[in-house]
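Dropping protein.cif in here (mmCIF, C-alpha atoms):
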data_start
loop_
_atom_site.label_atom_id
_atom_site.label_comp_id
_atom_site.auth_asym_id
_atom_site.auth_seq_id
_atom_site.Cartn_x
_atom_site.Cartn_y
_atom_site.Cartn_z
CA ILE A 20 104.03 104.10 106.43
CA CYS A 21 104.76 107.29 108.26
CA SER A 22 104.77 110.71 106.67
CA ALA A 23 108.19 111.50 105.29
CA SER A 24 110.62 114.04 106.68
CA ALA A 25 113.77 114.95 104.81
CA HIS A 26 117.32 114.70 106.08
CA SER A 27 119.33 117.74 105.04
CA SER A 28 122.54 116.87 103.24
CA SER A 29 125.05 118.44 100.95
CA GLY A 30 124.13 116.05 98.19
CA GLN A 31 120.79 114.99 96.83
CA THR A 32 117.68 114.83 98.92
CA SER A 33 117.17 112.05 101.43
CA THR A 34 113.99 111.10 103.17
CA SER A 35 113.11 108.70 105.94
CA TRP A 36 109.70 107.15 106.54
CA GLY A 37 109.97 107.00 110.30
CA GLU A 38 110.52 103.63 111.92
CA SER A 39 108.63 101.71 109.22
CA VAL A 40 111.25 102.03 106.51
CA GLY A 41 113.76 104.59 107.70
CA SER A 42 115.45 102.14 110.05
CA ALA A 43 116.12 99.67 107.25
CA ARG A 44 119.70 99.28 106.09
CA GLY A 45 121.14 98.14 102.81
CA ARG A 46 123.38 95.12 102.41
CA SER A 47 126.56 97.12 102.54
CA GLY A 48 127.73 100.69 102.75
CA THR A 49 130.60 102.90 103.79
CA GLN A 50 131.02 105.74 106.22
CA ALA A 51 134.52 107.03 106.95
CA ARG A 52 137.00 106.84 104.11
CA GLY A 53 138.49 103.39 103.86
CA ARG A 54 136.31 102.04 106.68
CA PRO A 55 133.59 99.84 105.19
CA ILE A 56 130.50 99.29 107.32
CA ARG A 57 127.66 96.84 106.89
CA TYR A 58 124.00 97.71 107.20
CA GLU A 59 121.98 94.97 108.83
CA ARG A 60 118.66 93.84 107.39
CA GLN A 61 115.74 94.65 109.63
CA PHE A 62 112.98 92.97 107.63
CA ALA A 63 113.16 89.18 107.44
CA ILE A 64 109.79 88.47 105.86
CA ALA A 65 108.15 89.46 102.61
CA GLY A 66 104.99 90.81 104.27
CA ARG A 67 101.42 89.73 103.82
CA MET A 68 100.15 88.48 100.49
CA LEU A 69 98.53 90.98 98.16
CA ALA A 70 95.09 89.57 97.45
CA ASP A 71 94.77 90.19 93.74
CA GLY A 72 98.23 89.95 92.23
CA VAL A 73 100.84 92.39 90.90
CA LEU A 74 101.51 93.51 87.33
CA TRP A 75 104.97 95.08 87.04
CA VAL A 76 105.41 97.06 83.82
CA GLY A 77 109.03 97.46 82.82
CA GLY A 78 109.92 94.57 85.05
CA SER A 79 113.01 93.01 83.52
CA SER A 80 115.22 95.30 85.62
CA GLY A 81 117.36 94.63 88.68
CA LEU A 82 114.79 96.27 90.95
CA ALA A 83 112.02 94.02 89.68
CA ARG A 84 114.28 91.01 90.20
CA THR A 85 114.94 91.96 93.82
CA PHE A 86 111.23 92.61 94.39
CA PHE A 87 110.31 89.20 93.05
CA GLU A 88 113.07 87.21 94.75
CA GLU A 89 112.92 88.95 98.14
CA ARG A 90 109.36 90.24 98.35
CA VAL A 91 107.25 87.83 96.30
CA GLY A 92 109.20 84.58 96.18
CA PRO A 93 108.83 83.84 99.93
CA LEU A 94 105.05 84.13 99.60
CA GLU A 95 104.06 80.96 97.78
CA GLY A 96 101.10 81.46 95.52
CA GLU A 97 101.14 85.24 95.19
CA ARG A 98 100.50 86.01 91.54
CA PHE A 99 103.09 88.17 89.80
CA ILE A 100 103.10 89.24 86.15
CA CYS A 101 106.21 90.83 84.75
CA THR A 102 106.49 92.72 81.47
CA GLY A 103 109.51 93.86 79.52
CA VAL A 104 110.56 94.82 76.04
CA GLU A 105 112.54 91.58 75.69
CA PRO A 106 110.67 88.85 73.75
CA ASP A 107 111.69 86.13 76.21
CA SER A 108 111.44 85.92 79.97
CA PRO A 109 114.59 86.66 82.03
CA GLU A 110 116.11 83.51 83.54
CA TRP A 111 115.29 84.54 87.11
CA LEU A 112 111.58 84.46 86.25
CA LEU A 113 111.54 80.89 84.96
CA GLY A 114 110.14 77.85 86.74
CA VAL A 115 107.73 79.62 89.11
CA PRO A 116 104.09 78.51 88.67
CA SER A 117 102.57 81.72 90.06
CA LEU A 118 104.62 83.94 87.78
CA ALA A 119 104.09 85.01 84.18
CA TYR A 120 106.04 87.09 81.69
CA VAL A 121 104.40 89.12 78.90
CA PRO A 122 106.39 91.13 76.31
CA LEU A 123 105.42 94.80 76.16
CA ASP A 124 106.74 97.69 74.07
CA LEU A 125 105.76 100.87 75.89
CA THR A 126 106.56 102.96 72.84
CA SER A 127 103.91 101.12 70.81
CA ALA A 128 100.24 102.04 71.09
CA ALA A 129 99.30 98.64 69.65
CA SER A 130 101.35 96.75 72.24
CA VAL A 131 99.97 98.81 75.14
CA GLY A 132 96.43 98.56 73.78
CA THR A 133 96.46 94.75 73.76
CA LEU A 134 98.40 94.20 76.99
CA PHE A 135 95.47 93.31 79.22
CA GLN A 136 94.04 90.93 76.64
CA ARG A 137 97.37 89.09 76.64
CA LEU A 138 97.66 88.65 80.39
CA PRO A 139 97.09 85.13 81.75
CA HIS A 140 95.00 86.54 84.60
CA GLY A 141 93.97 89.87 86.08
CA ALA A 142 95.92 91.97 88.57
CA GLY A 143 94.71 94.47 91.14
CA THR A 144 98.04 96.27 91.53
CA LEU A 145 99.99 98.01 88.77
CA VAL A 146 103.64 98.95 89.33
CA ILE A 147 105.08 101.21 86.63
CA GLY A 148 108.86 100.98 86.65
CA ALA A 149 109.79 101.49 83.03
CA ARG A 150 113.50 101.27 82.31
CA LEU A 151 114.68 103.50 79.48
CA PRO A 152 118.01 104.40 77.92
CA LEU A 153 119.53 107.28 79.86
CA LEU A 154 121.22 108.95 76.92
CA GLY A 155 119.23 110.32 74.02
CA SER A 156 117.24 107.60 72.40
CA GLY A 157 114.14 109.58 71.53
CA ALA A 158 112.08 106.89 73.27
CA HIS A 159 111.16 109.22 76.12
CA THR A 160 108.83 111.39 74.06
CA THR A 161 107.39 108.36 72.27
CA LEU A 162 106.65 106.53 75.49
CA LEU A 163 105.10 109.38 77.47
CA PRO A 164 101.65 109.36 75.82
CA GLN A 165 101.42 105.60 76.32
CA LEU A 166 101.66 105.90 80.10
CA GLY A 167 98.26 107.55 80.29
CA ALA A 168 96.82 104.99 77.89
CA LEU A 169 98.28 102.20 80.04
CA VAL A 170 96.63 103.53 83.20
CA ALA A 171 93.27 104.02 81.44
CA ALA A 172 93.35 100.46 80.11
CA ALA A 173 94.39 99.16 83.52
CA ALA A 174 91.39 100.76 85.18
CA VAL A 175 89.03 99.16 82.67
CA ALA A 176 90.73 95.78 83.22
CA GLY A 177 90.17 95.90 86.99
CA VAL A 178 93.40 97.36 88.37
CA ARG A 179 92.62 99.02 91.71
CA ARG A 180 95.86 100.84 92.61
CA VAL A 181 98.99 102.20 90.91
CA LEU A 182 102.52 102.66 92.20
CA HIS A 183 104.91 104.66 90.02
CA VAL A 184 108.64 104.05 90.58
CA SER A 185 109.91 107.58 89.98
CA SER A 186 113.20 109.40 90.49
CA VAL A 187 114.83 112.49 91.95
CA ALA A 188 115.28 113.39 88.29
CA ALA A 189 111.65 114.53 88.38
CA ALA A 190 112.93 117.50 90.39
CA ASP A 191 115.89 118.04 87.99
CA HIS A 192 118.85 116.02 89.23
CA LEU A 193 121.32 118.23 87.35
CA ARG A 194 120.85 120.88 90.04
CA ALA A 195 121.79 120.34 93.70
CA GLN A 196 118.96 119.02 95.87
CA ARG A 197 119.62 119.66 99.56
CA GLY A 198 117.08 118.89 102.22
CA VAL A 199 114.28 118.64 99.67
CA ASP A 200 111.03 117.12 100.87
CA GLU A 201 107.69 116.20 99.35
CA GLU A 202 106.27 119.69 99.88
CA ALA A 203 108.99 121.45 97.88
CA GLN A 204 107.93 123.18 94.68
CA LEU A 205 109.44 121.78 91.49
CA PRO A 206 111.57 124.07 89.31
CA PRO A 207 109.96 125.51 86.18
CA LEU A 208 109.99 122.85 83.50
CA SER A 209 111.55 125.34 81.09
CA GLU A 210 114.70 125.33 83.26
CA TYR A 211 115.27 121.57 83.01
CA ALA A 212 118.41 120.76 81.00
CA GLY A 213 118.14 116.99 80.65
CA GLU A 214 115.66 115.07 78.52
CA TYR A 215 115.52 112.29 81.07
CA ASP A 216 114.59 114.71 83.87
CA VAL A 217 111.83 116.21 81.74
CA PHE A 218 110.55 112.71 81.04
CA LYS A 219 110.41 111.74 84.73
CA ARG A 220 108.65 114.98 85.66
CA CYS A 221 106.11 114.59 82.85
CA SER A 222 105.65 110.89 83.67
CA GLU A 223 104.52 111.76 87.19
CA GLU A 224 102.10 114.33 85.80
CA GLU A 225 100.71 112.04 83.09
CA ILE A 226 100.27 109.06 85.41
CA GLY A 227 98.75 111.27 88.07
CA ARG A 228 96.23 112.77 85.63
CA ALA A 229 95.24 109.37 84.29
CA CYS A 230 94.82 107.90 87.78
CA GLU A 231 92.72 110.85 88.94
CA ALA A 232 90.52 110.55 85.86
CA ALA A 233 90.01 106.83 86.51
CA GLY A 234 89.57 107.23 90.27
CA LEU A 235 92.60 105.02 91.02
CA PRO A 236 94.57 105.44 94.26
CA HIS A 237 98.20 106.03 93.29
CA VAL A 238 101.59 107.04 94.64
CA HIS A 239 104.92 108.18 93.20
CA LEU A 240 108.10 107.00 94.91
CA ARG A 241 111.16 109.11 94.04
CA LEU A 242 114.43 107.23 94.29
CA SER A 243 118.09 108.06 93.81
CA ALA A 244 120.99 105.79 92.87
CA ILE A 245 120.18 102.09 93.38
CA PHE A 246 122.72 99.32 93.82
CA SER A 247 121.51 95.80 93.08
CA ASN A 248 122.91 92.32 92.44
CA GLU A 249 121.75 92.43 88.83
CA PRO A 250 124.86 92.05 86.58
CA GLN A 251 123.70 94.97 84.42
CA CYS A 252 123.18 97.33 87.39
CA ILE A 253 124.18 100.81 86.19
CA GLN A 254 125.74 101.84 89.49
CA VAL A 255 127.88 98.72 89.84
CA ARG A 256 129.02 98.96 86.22
CA ALA A 257 130.01 102.59 86.80
CA LEU A 258 132.20 101.55 89.73
CA ALA A 259 133.69 98.70 87.71
CA LEU A 260 134.85 101.20 85.09
CA GLN A 261 136.68 103.12 87.84
CA ALA A 262 138.06 100.08 89.62
CA HIS A 263 141.64 100.45 88.39
CA ALA A 264 141.75 104.22 87.85
CA GLY A 265 139.28 106.62 89.43
CA ALA A 266 138.98 109.71 91.60
CA TYR A 267 137.67 109.84 95.16
CA LEU A 268 134.66 112.13 94.72
CA PRO A 269 133.77 113.90 97.99
CA VAL A 270 130.33 114.92 96.70
CA LEU A 271 127.57 113.67 98.99
CA LEU A 272 125.29 111.65 96.74
CA ASP A 273 122.42 109.62 98.12
CA ALA A 274 122.29 105.95 97.18
CA ASN A 275 120.26 102.97 98.31
CA SER A 276 120.10 99.22 97.86
CA SER A 277 117.45 97.49 95.78
CA TRP A 278 116.60 95.42 98.86
CA ASN A 279 115.74 98.53 100.89
CA VAL A 280 113.75 100.01 98.03
CA CYS A 281 111.75 96.83 97.56
CA THR A 282 110.94 96.81 101.26
CA ALA A 283 109.50 100.29 100.79
CA LEU A 284 107.60 99.21 97.68
CA ARG A 285 106.10 96.27 99.49
CA LEU A 286 104.95 98.40 102.44
CA LEU A 287 103.45 100.98 100.11
CA LEU A 288 101.54 98.34 98.16
CA GLU A 289 100.20 96.75 101.32
CA ARG A 290 99.04 100.12 102.61
CA LEU A 291 97.49 101.06 99.26
CA GLU A 292 95.50 97.84 99.37
CA ALA A 293 94.44 98.09 103.01
CA GLU A 294 94.01 101.84 103.53
CA ALA A 295 94.59 103.85 100.36
CA ALA A 296 93.35 107.11 101.86
CA SER A 297 96.28 107.17 104.31
CA VAL A 298 98.92 107.07 101.56
CA ARG A 299 100.38 110.32 100.28
CA ARG A 300 100.71 110.96 96.56
CA LEU A 301 104.49 111.34 96.78
CA TYR A 302 107.37 109.98 98.85
CA TYR A 303 111.13 110.31 98.65
CA TYR A 304 113.34 107.37 99.67
CA THR A 305 116.88 108.05 98.53
CA ARG A 306 119.11 106.50 101.20
CA PRO A 307 118.87 104.43 104.37
CA ARG A 308 118.55 106.38 107.59
CA GLY A 309 121.91 107.81 108.58
CA PRO A 310 124.40 110.38 107.30
CA ALA A 311 125.00 110.97 103.62
CA VAL A 312 128.31 109.56 102.38
CA PRO A 313 130.64 110.77 99.62
CA TYR A 314 130.32 108.98 96.31
CA GLY A 315 133.98 108.04 96.62
CA GLU A 316 133.16 105.69 99.49
CA HIS A 317 131.31 103.41 97.13
CA LEU A 318 134.45 103.11 95.01
CA VAL A 319 136.52 102.40 98.12
CA ALA A 320 134.11 99.61 99.08
CA TYR A 321 133.99 98.19 95.55
CA ARG A 322 137.78 97.99 95.31
CA ALA A 323 138.01 96.35 98.72
CA ALA A 324 135.29 93.81 97.89
CA HIS A 325 136.98 92.82 94.62
CA ALA A 326 140.58 93.10 95.86
CA THR A 327 141.29 95.33 92.88
CA SER A 328 144.92 95.71 91.91
CA PRO A 329 146.34 97.97 90.67
CA ALA A 330 144.01 100.71 91.90
CA VAL A 331 145.10 104.25 91.11
CA TRP A 332 143.49 107.37 92.55
CA LEU A 333 143.22 110.12 89.95
CA PRO A 334 143.40 113.81 90.97
CA TYR A 335 139.97 114.91 92.06
CA LEU A 336 140.33 118.46 90.71
CA ALA A 337 141.08 117.20 87.20
CA VAL A 338 137.99 114.99 87.24
CA ALA A 339 135.90 117.79 88.74
CA MET A 340 136.92 120.11 85.90
CA LEU A 341 135.86 117.53 83.32
CA VAL A 342 132.52 117.07 85.07
CA ALA A 343 131.99 120.84 85.21
CA LEU A 344 132.72 121.13 81.50
CA TRP A 345 130.25 118.31 80.75
CA HIS A 346 127.53 119.96 82.83
CA ALA A 347 128.16 123.30 81.11
CA ALA A 348 127.88 121.58 77.74
CA VAL A 349 124.64 119.90 78.80
CA ARG A 350 123.10 123.14 80.00
CA HIS A 351 124.20 125.47 77.22
CA THR A 352 124.44 123.38 74.04
CA PRO A 353 122.20 120.95 72.12
CA LEU A 354 123.75 118.17 74.22
CA GLY A 355 121.09 119.09 76.78
CA ARG A 356 118.56 117.16 74.72
CA LEU A 357 120.65 114.03 75.19
CA ALA A 358 121.38 114.40 78.87
CA GLY A 359 120.33 111.60 81.17
CA GLY A 360 121.40 109.91 84.34
CA GLY A 361 120.06 110.34 87.81
CA ALA A 362 118.91 107.59 89.97
CA GLY A 363 121.21 104.81 88.94
CA ARG A 364 118.19 102.95 88.08
CA SER A 365 117.55 99.60 87.26
CA PRO A 366 114.02 100.58 86.33
CA LEU A 367 113.65 104.31 86.38
#

Represent the structure of the file as structure tokens.
Amino acid sequence: ICSASAHSSSGQTSTSWGESVGSARGRSGTQARGRPIRYERQFAIAGRMLADGVLWVGGSSGLARTFFEERVGPLEGERFICTGVEPDSPEWLLGVPSLAYVPLDLTSAASVGTLFQRLPHGAGTLVIGARLPLLGSGAHTTLLPQLGALVAAAAVAGVRRVLHVSSVAAADHLRAQRGVDEEAQLPPLSEYAGEYDVFKRCSEEEIGRACEAAGLPHVHLRLSAIFSNEPQCIQVRALALQAHAGAYLPVLLDANSSWNVCTALRLLLERLEAEAASVRRLYYYTRPRGPAVPYGEHLVAYRAAHATSPAVWLPYLAVAMLVALWHAAVRHTPLGRLAGGGAGRSPL
């Protein structure tokens, strides 16, 4: 994986990893208004097998599903353990001999403390991709202390490397991020308005501290909006709500596909296993290589794909005023404690 270099845009930050990942394209995208384009896949194989298995914490999300189906499934025999708060395994995890599902409540010290005793076998790689409610649940502050405990227990159980699926929210997604790269200083934590953003920032710090204390190689991957084929994908559901009546938003907002992101995850894990010293502590990967596109283009593409009718375009200025009022309320009232959003995560 090459060192990252940011593309400047008028929206959120966007970073390419040179030819390794930056040339990858998502399944679909849009460029000029009303002119859908398709991004071609440039990686046809899952990669080499990770020798000692993968434990994905928070893995009942759309991103975990794509990682398993596209990046693990083609490699017969690679061991993959998935955890989630749900008591039963998701359907897409069933019927695969090399796969296991273990329930885990990351807000419970007891559940985290017994996780590695409940695993059917060990794992050398830990992926932390916890999916949380984006609007004020209180779970963020409860979960944060358990992340360090999870990493400490993982080290004792034989985990050798950690990959944290993070978000641009760690740099405060409620403020514009233009041309940001991995060297940029984060804003003062006291200036963050959203609880979710504070959580993502503190998660990076807590996981980093725990990994350093345990001597574990680790990396944080900051993502933006992610589109996946998971029916509960936040980004797709947001477009579905606007299918019949929505505004064309000209704001440049980075987005990516779960397939692209999982390609990046796979490459990072392979490099962490083979040559951990060459991996940076932080990468951004917020869109495929190419120009940023307005958020409205995703709605154009969604309506075209689903032949939506009727489809009414609402006045942009009216919607922009409502958004501005919401942001003002978030920043200057107690609503700030409930603010969430950001990377359109399945798992972030």

So that all listed atoms of segment 224-229 of chain A fit with 3 Å spare on each side, what axis-aligned box centre and edge lengths in Å, to one decimal, would you give as lines of an AutoDock Vina configuration file?
center_x = 98.7
center_y = 111.7
center_z = 85.6
size_x = 12.9
size_y = 11.3
size_z = 11.0

Measuring between only C-alpha atoms, which one of A:Leu291, A:Ala283, A:Ala320, A:Ala266 shows the shortest distance to Leu336 of chain A?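 Counting only C-alpha atoms, the residue closest to Leu336 of chain A is A:Ala266.
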
Can you tell me how far atom CA of Arg306 of chain A sits from atom CA of Gln196 of chain A, in Å to one decimal?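 Result for atom CA of Arg306 of chain A versus atom CA of Gln196 of chain A: 13.6 Å, one decimal.
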
Do you know which residues are at most 9 Å from segment 127-133 of chain A counting all atoms listed in the file, after dropping those on the same chain fewer than 5 positions away, and could you put them as number ranges by chain? A: 122, 161-162, 164-166, 168-169, 172

Quick one, how far is atom CA of Arg300 of chain A from atom CA of Val238 of chain A?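 For atom CA of Arg300 of chain A relative to atom CA of Val238 of chain A, the distance reads 4.5 Å.
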
Between A:Gly198, A:Gly77, A:Gly141, A:Pro236, which has the minimum distance to Val184 of chain A (counting all atoms listed in the file)?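 Of A:Gly198, A:Gly77, A:Gly141, A:Pro236, the one nearest Val184 of chain A, counting all atoms listed in the file, is A:Gly77.
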
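Shortest separation to Thr160 of chain A among A:Cys281, A:Leu118, A:Leu268, A:Cys221 occurs at residue A:Cys221, atoms counted being only C-alpha atoms.
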
To one decimal place, how far is atom CA of Phe246 of chain A from atom CA of Ser276 of chain A in Å?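 If I compute the distance from atom CA of Phe246 of chain A to atom CA of Ser276 of chain A, I get 4.8 Å.
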
Picked residues, the PyMOL selection byres ((chain A and resi 322-329) around 9), expected as a PyMOL selection string: chain A and resi 53+55+258-259+262-264+317-321+330-331

Could you give me, as number ranges by chain, the residues within 8 Å of Val217 of chain A, counting all atoms listed in the file and dropping anything in the same chain fewer than 3 positions from it? A: 188-189, 191, 208, 211, 213-214, 220-221

Skip Tyr335 of chain A itself and residues of its chain fewer than 3 positions away, then list as a list in words all residues within 9 Å of it, counting all atoms listed in the file.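 My reading of the contact set: Gly265, Ala266, Tyr267, Leu268, Pro269, Trp332, Val338, Ala339 and Met340 of chain A.
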
Counting only C-alpha atoms, which of A:Leu163, A:Val181, A:Cys101, A:Ile245 gets nearest to Gly81 of chain A? A:Ile245

I need the output of the PyMOL selection byres ((chain A and resi 230-233) around 10) for this file as a list of chain:residue names; which residues are they?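 Matching residues under the PyMOL selection byres ((chain A and resi 230-233) around 10) are A:Gly167, A:Val170, A:Ala171, A:Ala172, A:Ala173, A:Ala174, A:Val175, A:Arg179, A:Arg180, A:Val181, A:Glu224, A:Glu225, A:Ile226, A:Gly227, A:Arg228, A:Ala229, A:Gly234, A:Leu235, A:Pro236, A:His237, A:Val238.
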